[in-house]
>>> print(open('data.pdb').read())   # PDB, C-alpha atoms, pLDDT in the B column
ATOM      1  CA  LEU A   1     144.970  10.961  94.432  1.00 69.00           C
ATOM      2  CA  TRP A   2     143.610  14.272  93.156  1.00 68.00           C
ATOM      3  CA  ARG A   3     147.116  15.654  92.521  1.00 69.00           C
ATOM      4  CA  ALA A   4     148.202  12.508  90.653  1.00 70.00           C
ATOM      5  CA  LEU A   5     145.111  12.555  88.431  1.00 73.00           C
ATOM      6  CA  HIS A   6     145.401  16.306  87.942  1.00 71.00           C
ATOM      7  CA  LEU A   7     148.976  15.987  86.677  1.00 69.00           C
ATOM      8  CA  TYR A   8     148.173  12.943  84.546  1.00 68.00           C
ATOM      9  CA  LEU A   9     145.192  14.567  82.835  1.00 70.00           C
ATOM     10  CA  HIS A  10     147.345  17.594  82.043  1.00 66.00           C
ATOM     11  CA  SER A  11     149.388  15.361  79.704  1.00 64.00           C
ATOM     12  CA  ARG A  12     146.422  13.418  78.294  1.00 65.00           C
ATOM     13  CA  GLU A  13     143.958  15.766  76.667  1.00 67.00           C
ATOM     14  CA  ASP A  14     142.384  12.763  74.937  1.00 64.00           C
ATOM     15  CA  LEU A  15     141.124  11.561  78.329  1.00 65.00           C
ATOM     16  CA  GLN A  16     139.670  14.843  79.518  1.00 64.00           C
ATOM     17  CA  GLY A  17     136.106  13.863  78.650  1.00 67.00           C
ATOM     18  CA  LEU A  18     136.099  10.501  80.414  1.00 72.00           C
ATOM     19  CA  GLY A  19     135.319  11.911  83.836  1.00 74.00           C
ATOM     20  CA  LEU A  20     138.151  10.106  85.602  1.00 69.00           C
ATOM     21  CA  MET A  21     137.869  12.344  88.658  1.00 73.00           C
ATOM     22  CA  ALA A  22     134.222  11.385  89.115  1.00 79.00           C
ATOM     23  CA  GLN A  23     135.042   7.715  88.520  1.00 77.00           C
ATOM     24  CA  MET A  24     137.530   7.965  91.378  1.00 75.00           C
ATOM     25  CA  GLY A  25     134.851   9.454  93.624  1.00 81.00           C
ATOM     26  CA  ILE A  26     136.013  13.085  93.408  1.00 80.00           C
ATOM     27  CA  SER A  27     133.139  15.493  92.751  1.00 85.00           C
ATOM     28  CA  GLY A  28     133.374  18.862  91.030  1.00 81.00           C
ATOM     29  CA  GLU A  29     133.012  20.679  94.348  1.00 85.00           C
ATOM     30  CA  GLU A  30     135.810  18.591  95.846  1.00 85.00           C
ATOM     31  CA  GLU A  31     138.039  19.389  92.873  1.00 80.00           C
ATOM     32  CA  GLU A  32     137.674  23.097  93.641  1.00 85.00           C
ATOM     33  CA  ILE A  33     138.437  22.485  97.316  1.00 86.00           C
ATOM     34  CA  PHE A  34     141.513  20.374  96.496  1.00 82.00           C
ATOM     35  CA  ALA A  35     142.758  23.030  94.060  1.00 80.00           C
ATOM     36  CA  LEU A  36     142.479  25.675  96.786  1.00 83.00           C
ATOM     37  CA  MET A  37     144.229  23.383  99.272  1.00 83.00           C
ATOM     38  CA  GLU A  38     147.023  22.809  96.745  1.00 78.00           C
ATOM     39  CA  HIS A  39     147.405  26.562  96.309  1.00 76.00           C
ATOM     40  CA  HIS A  40     147.759  27.196 100.047  1.00 74.00           C
ATOM     41  CA  PHE A  41     150.070  24.196 100.463  1.00 76.00           C
ATOM     42  CA  GLN A  42     152.430  25.544  97.802  1.00 74.00           C
ATOM     43  CA  LEU A  43     152.417  28.991  99.401  1.00 75.00           C
ATOM     44  CA  TRP A  44     153.407  27.444 102.717  1.00 73.00           C
ATOM     45  CA  LEU A  45     156.007  25.057 101.279  1.00 70.00           C
ATOM     46  CA  LEU A  46     157.521  27.097  98.452  1.00 70.00           C
ATOM     47  CA  ASP A  47     156.767  30.682  99.452  1.00 69.00           C
ATOM     48  CA  GLY A  48     155.063  30.839  96.071  1.00 68.00           C
ATOM     49  CA  THR A  49     153.146  28.678  93.627  1.00 68.00           C
ATOM     50  CA  ALA A  50     154.030  26.400  90.717  1.00 64.00           C
ATOM     51  CA  THR A  51     151.858  26.060  87.634  1.00 63.00           C
ATOM     52  CA  ILE A  52     150.473  22.691  86.611  1.00 57.00           C
ATOM     53  CA  SER A  53     152.829  22.744  83.611  1.00 56.00           C
ATOM     54  CA  ALA A  54     155.851  23.251  85.862  1.00 62.00           C
ATOM     55  CA  GLN A  55     154.706  20.452  88.159  1.00 60.00           C
ATOM     56  CA  TYR A  56     154.236  18.119  85.207  1.00 55.00           C
ATOM     57  CA  LEU A  57     157.698  18.853  83.808  1.00 51.00           C
ATOM     58  CA  ALA A  58     159.225  18.228  87.230  1.00 58.00           C
ATOM     59  CA  THR A  59     157.588  14.817  87.609  1.00 55.00           C
ATOM     60  CA  ALA A  60     157.025  13.509  84.060  1.00 55.00           C
ATOM     61  CA  GLY A  61     160.515  12.045  83.841  1.00 53.00           C
ATOM     62  CA  ARG A  62     159.605   9.617  86.602  1.00 56.00           C
ATOM     63  CA  THR A  63     156.395   8.479  84.926  1.00 58.00           C
ATOM     64  CA  ILE A  64     156.290   4.922  83.576  1.00 59.00           C
ATOM     65  CA  ARG A  65     153.723   4.364  80.870  1.00 63.00           C
ATOM     66  CA  LEU A  66     151.480   1.303  80.963  1.00 58.00           C
ATOM     67  CA  GLU A  67     152.880   0.093  77.632  1.00 60.00           C
ATOM     68  CA  GLU A  68     156.406   0.154  79.075  1.00 61.00           C
ATOM     69  CA  MET A  69     155.297  -1.720  82.189  1.00 58.00           C
ATOM     70  CA  ILE A  70     153.634  -4.429  80.082  1.00 57.00           C
ATOM     71  CA  LYS A  71     156.692  -4.715  77.837  1.00 61.00           C
ATOM     72  CA  GLU A  72     159.021  -5.001  80.831  1.00 61.00           C
ATOM     73  CA  GLY A  73     156.761  -7.598  82.420  1.00 59.00           C
ATOM     74  CA  LYS A  74     156.907  -9.727  79.284  1.00 62.00           C
ATOM     75  CA  LYS A  75     160.664  -9.420  78.935  1.00 70.00           C
ATOM     76  CA  ASN A  76     161.871 -12.219  81.192  1.00 81.00           C
ATOM     77  CA  ARG A  77     159.454 -14.991  80.375  1.00 89.00           C
ATOM     78  CA  ILE A  78     159.099 -17.767  77.821  1.00 93.00           C
ATOM     79  CA  GLN A  79     155.878 -19.179  76.426  1.00 94.00           C
ATOM     80  CA  VAL A  80     155.883 -22.959  76.163  1.00 95.00           C
ATOM     81  CA  TYR A  81     153.581 -24.965  73.898  1.00 96.00           C
ATOM     82  CA  VAL A  82     153.245 -28.727  74.349  1.00 95.00           C
ATOM     83  CA  ASP A  83     151.793 -31.022  71.708  1.00 95.00           C
ATOM     84  CA  THR A  84     150.039 -34.071  73.133  1.00 92.00           C
ATOM     85  CA  GLY A  85     148.581 -35.077  69.790  1.00 90.00           C
ATOM     86  CA  LYS A  86     146.445 -32.013  69.052  1.00 89.00           C
ATOM     87  CA  GLY A  87     149.196 -29.820  67.646  1.00 93.00           C
ATOM     88  CA  PHE A  88     150.381 -26.577  69.218  1.00 94.00           C
ATOM     89  CA  CYS A  89     147.545 -24.467  70.617  1.00 93.00           C
ATOM     90  CA  GLU A  90     147.032 -21.782  73.246  1.00 92.00           C
ATOM     91  CA  GLU A  91     145.020 -24.180  75.404  1.00 91.00           C
ATOM     92  CA  GLU A  92     148.113 -26.346  75.851  1.00 92.00           C
ATOM     93  CA  SER A  93     150.566 -23.547  76.512  1.00 93.00           C
ATOM     94  CA  PHE A  94     151.913 -21.880  79.632  1.00 93.00           C
ATOM     95  CA  TRP A  95     154.340 -19.140  80.632  1.00 93.00           C
ATOM     96  CA  VAL A  96     157.625 -19.654  82.443  1.00 92.00           C
ATOM     97  CA  ASP A  97     159.196 -16.730  84.299  1.00 90.00           C
ATOM     98  CA  THR A  98     162.934 -16.576  83.723  1.00 90.00           C
ATOM     99  CA  GLU A  99     165.887 -14.653  85.097  1.00 88.00           C
ATOM    100  CA  PRO A 100     169.279 -14.745  83.331  1.00 90.00           C
ATOM    101  CA  ASP A 101     172.274 -15.561  85.504  1.00 92.00           C
ATOM    102  CA  LYS A 102     175.416 -13.416  85.768  1.00 91.00           C
ATOM    103  CA  ARG A 103     176.637 -14.756  82.419  1.00 92.00           C
ATOM    104  CA  GLY A 104     173.356 -13.835  80.758  1.00 91.00           C
ATOM    105  CA  VAL A 105     172.269 -17.466  80.461  1.00 95.00           C
ATOM    106  CA  THR A 106     168.592 -18.315  80.943  1.00 94.00           C
ATOM    107  CA  HIS A 107     168.039 -21.742  82.493  1.00 95.00           C
ATOM    108  CA  VAL A 108     164.778 -23.534  81.723  1.00 94.00           C
ATOM    109  CA  GLU A 109     163.462 -26.712  83.335  1.00 94.00           C
ATOM    110  CA  LEU A 110     160.104 -27.960  82.064  1.00 94.00           C
ATOM    111  CA  LEU A 111     157.957 -30.747  83.449  1.00 94.00           C
ATOM    112  CA  LEU A 112     156.209 -32.233  80.419  1.00 94.00           C
ATOM    113  CA  PRO A 113     152.692 -33.672  80.621  1.00 92.00           C
ATOM    114  CA  GLN A 114     152.243 -37.332  79.805  1.00 91.00           C
ATOM    115  CA  GLY A 115     151.918 -38.011  76.105  1.00 92.00           C
ATOM    116  CA  THR A 116     153.941 -34.994  74.962  1.00 94.00           C
ATOM    117  CA  VAL A 117     155.256 -35.592  71.440  1.00 94.00           C
ATOM    118  CA  ALA A 118     156.628 -32.126  70.674  1.00 95.00           C
ATOM    119  CA  VAL A 119     157.485 -28.864  72.422  1.00 96.00           C
ATOM    120  CA  ARG A 120     157.682 -25.300  71.158  1.00 97.00           C
ATOM    121  CA  LEU A 121     159.512 -22.542  72.996  1.00 96.00           C
ATOM    122  CA  ASP A 122     158.735 -18.908  72.208  1.00 96.00           C
ATOM    123  CA  PRO A 123     161.719 -17.185  73.865  1.00 94.00           C
ATOM    124  CA  ALA A 124     160.518 -13.613  73.295  1.00 91.00           C
ATOM    125  CA  GLU A 125     157.820 -11.408  71.806  1.00 89.00           C
ATOM    126  CA  HIS A 126     160.149  -9.173  69.838  1.00 90.00           C
ATOM    127  CA  THR A 127     162.998  -9.317  67.347  1.00 92.00           C
ATOM    128  CA  CYS A 128     165.984 -10.885  69.035  1.00 92.00           C
ATOM    129  CA  LEU A 129     169.157 -12.944  68.901  1.00 93.00           C
ATOM    130  CA  VAL A 130     168.966 -16.313  70.653  1.00 95.00           C
ATOM    131  CA  LYS A 131     171.856 -18.662  71.307  1.00 94.00           C
ATOM    132  CA  VAL A 132     170.842 -22.195  72.255  1.00 95.00           C
ATOM    133  CA  ILE A 133     173.640 -23.490  74.462  1.00 94.00           C
ATOM    134  CA  GLN A 134     171.946 -26.823  75.040  1.00 94.00           C
ATOM    135  CA  LEU A 135     168.595 -28.588  75.023  1.00 95.00           C
ATOM    136  CA  LEU A 136     168.277 -31.891  76.860  1.00 96.00           C
ATOM    137  CA  GLY A 137     165.470 -34.367  77.391  1.00 95.00           C
ATOM    138  CA  GLU A 138     165.263 -36.571  80.466  1.00 94.00           C
ATOM    139  CA  LEU A 139     164.259 -40.216  80.309  1.00 91.00           C
ATOM    140  CA  GLY A 140     166.186 -42.157  82.920  1.00 87.00           C
ATOM    141  CA  GLY A 141     169.238 -40.122  81.931  1.00 91.00           C
ATOM    142  CA  THR A 142     169.505 -37.024  79.778  1.00 94.00           C
ATOM    143  CA  TYR A 143     169.933 -36.973  76.010  1.00 95.00           C
ATOM    144  CA  PRO A 144     170.588 -34.116  73.546  1.00 94.00           C
ATOM    145  CA  ILE A 145     167.639 -32.755  71.597  1.00 94.00           C
ATOM    146  CA  THR A 146     167.684 -31.395  68.072  1.00 93.00           C
ATOM    147  CA  TYR A 147     165.393 -28.535  67.117  1.00 95.00           C
ATOM    148  CA  SER A 148     164.188 -26.355  64.272  1.00 95.00           C
ATOM    149  CA  HIS A 149     163.374 -22.642  64.294  1.00 96.00           C
ATOM    150  CA  ASN A 150     161.919 -19.813  62.225  1.00 95.00           C
ATOM    151  CA  GLY A 151     164.998 -17.595  62.404  1.00 93.00           C
ATOM    152  CA  ARG A 152     168.329 -17.436  60.585  1.00 90.00           C
ATOM    153  CA  GLU A 153     171.513 -19.140  61.749  1.00 88.00           C
ATOM    154  CA  LEU A 154     174.445 -16.846  62.521  1.00 82.00           C
ATOM    155  CA  GLU A 155     176.942 -19.676  62.969  1.00 74.00           C
ATOM    156  CA  ASP A 156     178.419 -19.408  66.491  1.00 77.00           C
ATOM    157  CA  GLN A 157     176.482 -16.235  67.307  1.00 80.00           C
ATOM    158  CA  GLY A 158     173.079 -17.893  67.520  1.00 90.00           C
ATOM    159  CA  ILE A 159     169.749 -17.510  65.746  1.00 93.00           C
ATOM    160  CA  LEU A 160     168.670 -14.141  64.378  1.00 93.00           C
ATOM    161  CA  TYR A 161     164.926 -13.481  64.486  1.00 94.00           C
ATOM    162  CA  THR A 162     163.341 -10.634  62.549  1.00 92.00           C
ATOM    163  CA  THR A 163     159.873 -11.803  63.574  1.00 92.00           C
ATOM    164  CA  THR A 164     158.045 -10.844  66.760  1.00 91.00           C
ATOM    165  CA  ASP A 165     157.044 -14.498  67.147  1.00 94.00           C
ATOM    166  CA  PRO A 166     160.393 -16.332  67.440  1.00 95.00           C
ATOM    167  CA  GLN A 167     160.072 -20.094  67.848  1.00 96.00           C
ATOM    168  CA  ILE A 168     162.242 -23.066  68.778  1.00 97.00           C
ATOM    169  CA  VAL A 169     160.515 -26.352  67.944  1.00 96.00           C
ATOM    170  CA  VAL A 170     161.444 -29.783  69.321  1.00 95.00           C
ATOM    171  CA  THR A 171     159.841 -32.710  67.494  1.00 89.00           C
ATOM    172  CA  ASP A 172     162.214 -35.612  68.176  1.00 88.00           C
ATOM    173  CA  LEU A 173     161.285 -36.282  71.797  1.00 92.00           C
ATOM    174  CA  VAL A 174     161.748 -39.875  72.861  1.00 92.00           C
ATOM    175  CA  ALA A 175     158.415 -41.337  73.976  1.00 90.00           C
ATOM    176  CA  GLY A 176     158.049 -41.010  77.738  1.00 92.00           C
ATOM    177  CA  THR A 177     160.334 -37.993  78.126  1.00 94.00           C
ATOM    178  CA  GLY A 178     159.243 -36.303  81.335  1.00 92.00           C
ATOM    179  CA  ARG A 179     161.443 -33.215  81.513  1.00 94.00           C
ATOM    180  CA  LEU A 180     163.191 -30.811  79.211  1.00 96.00           C
ATOM    181  CA  TYR A 181     166.210 -28.752  80.217  1.00 96.00           C
ATOM    182  CA  GLY A 182     167.453 -25.764  78.290  1.00 95.00           C
ATOM    183  CA  GLU A 183     170.132 -23.103  78.457  1.00 96.00           C
ATOM    184  CA  LEU A 184     169.578 -20.062  76.262  1.00 96.00           C
ATOM    185  CA  MET A 185     171.029 -16.611  75.796  1.00 94.00           C
ATOM    186  CA  ILE A 186     168.299 -14.189  74.690  1.00 93.00           C
ATOM    187  CA  GLU A 187     169.168 -10.685  73.526  1.00 91.00           C
ATOM    188  CA  GLU A 188     166.468  -8.241  72.487  1.00 89.00           C
ATOM    189  CA  LEU A 189     167.240  -6.362  69.268  1.00 88.00           C
ATOM    190  CA  HIS A 190     165.740  -3.212  67.855  1.00 88.00           C
ATOM    191  CA  PRO A 191     163.787  -4.172  64.695  1.00 86.00           C
ATOM    192  CA  GLY A 192     166.021  -1.924  62.594  1.00 87.00           C
ATOM    193  CA  THR A 193     169.129  -3.654  63.929  1.00 86.00           C
ATOM    194  CA  ALA A 194     167.668  -7.110  63.312  1.00 84.00           C
ATOM    195  CA  TYR A 195     166.713  -6.290  59.719  1.00 82.00           C
ATOM    196  CA  ALA A 196     170.110  -4.680  59.049  1.00 85.00           C
ATOM    197  CA  CYS A 197     171.852  -7.835  60.307  1.00 82.00           C
ATOM    198  CA  MET A 198     169.597 -10.002  58.149  1.00 80.00           C
ATOM    199  CA  HIS A 199     170.300  -7.847  55.075  1.00 81.00           C
ATOM    200  CA  LEU A 200     174.046  -8.083  55.672  1.00 78.00           C
ATOM    201  CA  LEU A 201     173.818 -11.834  56.193  1.00 75.00           C
ATOM    202  CA  ASN A 202     171.898 -12.240  52.929  1.00 75.00           C
ATOM    203  CA  ARG A 203     174.585 -10.287  51.068  1.00 78.00           C
ATOM    204  CA  VAL A 204     177.329 -12.464  52.560  1.00 71.00           C
ATOM    205  CA  ARG A 205     175.467 -15.675  51.685  1.00 69.00           C
ATOM    206  CA  ASN A 206     174.834 -14.462  48.131  1.00 70.00           C
ATOM    207  CA  ALA A 207     178.520 -13.620  47.741  1.00 71.00           C
ATOM    208  CA  GLU A 208     179.497 -17.070  49.028  1.00 70.00           C
ATOM    209  CA  ARG A 209     177.131 -18.773  46.581  1.00 72.00           C
ATOM    210  CA  LEU A 210     178.446 -16.661  43.720  1.00 67.00           C
ATOM    211  CA  TYR A 211     182.059 -17.417  44.629  1.00 70.00           C
ATOM    212  CA  ALA A 212     181.323 -21.160  44.724  1.00 73.00           C
ATOM    213  CA  SER A 213     179.318 -21.201  41.475  1.00 73.00           C
ATOM    214  CA  ALA A 214     180.616 -22.900  38.315  1.00 72.00           C
ATOM    215  CA  PRO A 215     180.450 -19.726  36.131  1.00 70.00           C
ATOM    216  CA  PHE A 216     182.516 -17.785  38.672  1.00 60.00           C
ATOM    217  CA  ARG A 217     185.151 -20.535  38.858  1.00 71.00           C
ATOM    218  CA  PHE A 218     185.255 -20.637  35.053  1.00 65.00           C
ATOM    219  CA  LEU A 219     185.820 -16.872  34.888  1.00 68.00           C
ATOM    220  CA  LYS A 220     188.653 -17.170  37.414  1.00 68.00           C
ATOM    221  CA  ARG A 221     190.368 -19.848  35.307  1.00 72.00           C
ATOM    222  CA  LEU A 222     189.821 -17.752  32.188  1.00 67.00           C
ATOM    223  CA  LYS A 223     191.366 -14.729  33.883  1.00 71.00           C
ATOM    224  CA  LYS A 224     194.409 -16.751  34.975  1.00 72.00           C
ATOM    225  CA  THR A 225     194.831 -18.111  31.435  1.00 72.00           C
ATOM    226  CA  ALA A 226     194.662 -14.603  29.971  1.00 67.00           C
ATOM    227  CA  LYS A 227     197.318 -13.349  32.403  1.00 70.00           C
ATOM    228  CA  PHE A 228     199.574 -16.316  31.588  1.00 63.00           C
ATOM    229  CA  ARG A 229     199.301 -15.728  27.831  1.00 67.00           C
ATOM    230  CA  LYS A 230     199.956 -12.021  28.301  1.00 70.00           C
ATOM    231  CA  ARG A 231     203.182 -12.759  30.188  1.00 70.00           C
ATOM    232  CA  ARG A 232     204.292 -15.214  27.450  1.00 66.00           C
ATOM    233  CA  ILE A 233     203.689 -12.617  24.738  1.00 69.00           C
ATOM    234  CA  LYS A 234     205.765 -10.049  26.633  1.00 65.00           C
ATOM    235  CA  ALA A 235     208.535 -12.601  27.086  1.00 60.00           C
TER     236      ALA A 235
END
>>> encode(input="data.pdb", output="structure tokens")
Amino acid sequence: LWRALHLYLHSREDLQGLGLMAQMGISGEEEEIFALMEHHFQLWLLDGTATISAQYLATAGRTIRLEEMIKEGKKNRIQVYVDTGKGFCEEESFWVDTEPDKRGVTHVELLLPQGTVAVRLDPAEHTCLVKVIQLLGELGGTYPITYSHNGRELEDQGILYTTTDPQIVVTDLVAGTGRLYGELMIEELHPGTAYACMHLLNRVRNAERLYASAPFRFLKRLKKTAKFRKRRIKA
């Protein structure tokens, strides 16, 4: 424990004054004893000694920061909101742990509380690309469900989200629906990549609108007429 804290505090000068050693039950006198024990242990094991800096460099690559652990823990889970007449709220939400299959498809099966009129799926907590393969409700048999979202459609590629709060909202549930089944493909994107894709998509859409506009079509006809007259004059 002393060695782990000793190495950790070497990289975190901002925590030096918190007294972590004392909080872990290691007194100042014990620190001196442990340091001397470490010195003799290194002499026996290495026929020499290694500085704290050298020890840190040798082990830092295997250190996982708390932020990374939290991010990884949140990666394969979906937050589900159910609306039983009060709207979507944290009190009526829950988390579902997920694990994509070999094809990268995440399968979701939700048991809906009685009186559910709408469902919201938050597939991630970061910018991402989500492809909804299917959403089905179950009431006797299964039926397809339509949905809305706060992303941008990429045709067959899926839904592009540049927000860290991506949402898929189902509001057309048949009364009495007890289960919801979903198949999704969720791909995390770096924010820069997501925004670059959105910028490119906007340019393509603007070009399509311009090409289909009446002024553009008029200019094309005018250009064709000018070329035709020019050929007649040459003839």
>>> closest_residue(input="data.pdb", among="A:Gly178, A:Gly140, A:Pro113, A:Pro123", to="Val80 of chain A", atoms="only C-alpha atoms")
A:Pro123
>>> axis_aligned_box(input="data.pdb", around="segment 173-190 of chain A", padding_each_side="6 Å", output="JSON")
{"center_x": 164.5, "center_y": -22.3, "center_z": 74.7, "size_x": 25.0, "size_y": 50.1, "size_z": 25.7}
>>> atom_distance(input="data.pdb", atom1="atom CA of Leu111 of chain A", atom2="atom CA of Thr177 of chain A")
9.3 Å
>>> residues_near_point(input="data.pdb", point="(159.0, -8.8, 71.0)", cutoff="12 Å", atoms="only C-alpha atoms", output="MDAnalysis selection string")
chainID A and resid 70:78 122:129 161:167 186:191 194
>>> atom_distance(input="data.pdb", atom1="atom CA of Asp172 of chain A", atom2="atom CA of Glu90 of chain A")
21.2 Å
>>> residues_around(input="data.pdb", residues="segment 141-154 of chain A", least_positions_apart="5", cutoff="6 Å", atoms="only C-alpha atoms", output="list in words")
Leu135, Leu136, Ile159, Leu160, Tyr161, Gln167, Ile168, Val169 and Val170 of chain A
>>> closest_residue(input="data.pdb", among="A:Gln157, A:Thr84, A:Thr106, A:Thr98", to="Arg120 of chain A", atoms="all atoms listed in the file")
A:Thr84
>>> closest_residue(input="data.pdb", among="A:Met185, A:Val82, A:Leu110, A:Cys89", to="Ile133 of chain A", atoms="all atoms listed in the file")
A:Met185
>>> closest_residue(input="data.pdb", among="A:Glu155, A:Glu183, A:Glu38, A:Glu31", to="Leu121 of chain A", atoms="all atoms listed in the file")
A:Glu183
>>> atom_distance(input="data.pdb", atom1="atom CA of Gly182 of chain A", atom2="atom CA of Lys131 of chain A")
10.9 Å
>>> residues_around(input="data.pdb", residues="Leu112 of chain A", least_positions_apart="5", cutoff="12 Å", atoms="only C-alpha atoms", output="JSON, numbers by chain")
{"A": [80, 81, 82, 83, 84, 92, 93, 94, 117, 118, 119, 120, 137, 138, 139, 173, 175, 176, 177, 178, 179, 180, 181]}
>>> closest_residue(input="data.pdb", among="A:Gly158, A:Asn206, A:Trp44, A:Leu184", to="Gly104 of chain A", atoms="all atoms listed in the file")
A:Leu184
>>> decode(input="data.pdb", residues="segment 167-183 of chain A", atoms="C-alpha atoms", output="mmCIF file, in the first residue's frame")
data_model
loop_
_atom_site.group_PDB
_atom_site.id
_atom_site.type_symbol
_atom_site.label_atom_id
_atom_site.label_comp_id
_atom_site.auth_asym_id
_atom_site.auth_seq_id
_atom_site.Cartn_x
_atom_site.Cartn_y
_atom_site.Cartn_z
ATOM 1 C CA GLN A 167 -31.941 10.192 -27.841
ATOM 2 C CA ILE A 168 -34.319 7.806 -29.589
ATOM 3 C CA VAL A 169 -37.939 8.556 -28.688
ATOM 4 C CA VAL A 170 -40.901 6.204 -29.167
ATOM 5 C CA THR A 171 -44.309 7.852 -28.794
ATOM 6 C CA ASP A 172 -46.625 5.613 -30.829
ATOM 7 C CA LEU A 173 -46.852 2.679 -28.428
ATOM 8 C CA VAL A 174 -50.099 0.765 -28.646
ATOM 9 C CA ALA A 175 -51.901 0.881 -25.295
ATOM 10 C CA GLY A 176 -51.041 -2.200 -23.254
ATOM 11 C CA THR A 177 -47.661 -2.853 -24.875
ATOM 12 C CA GLY A 178 -45.686 -4.842 -22.328
ATOM 13 C CA ARG A 179 -42.285 -5.259 -23.961
ATOM 14 C CA LEU A 180 -40.023 -3.454 -26.361
ATOM 15 C CA TYR A 181 -37.354 -5.171 -28.432
ATOM 16 C CA GLY A 182 -34.547 -3.353 -30.167
ATOM 17 C CA GLU A 183 -31.483 -4.057 -32.265
#
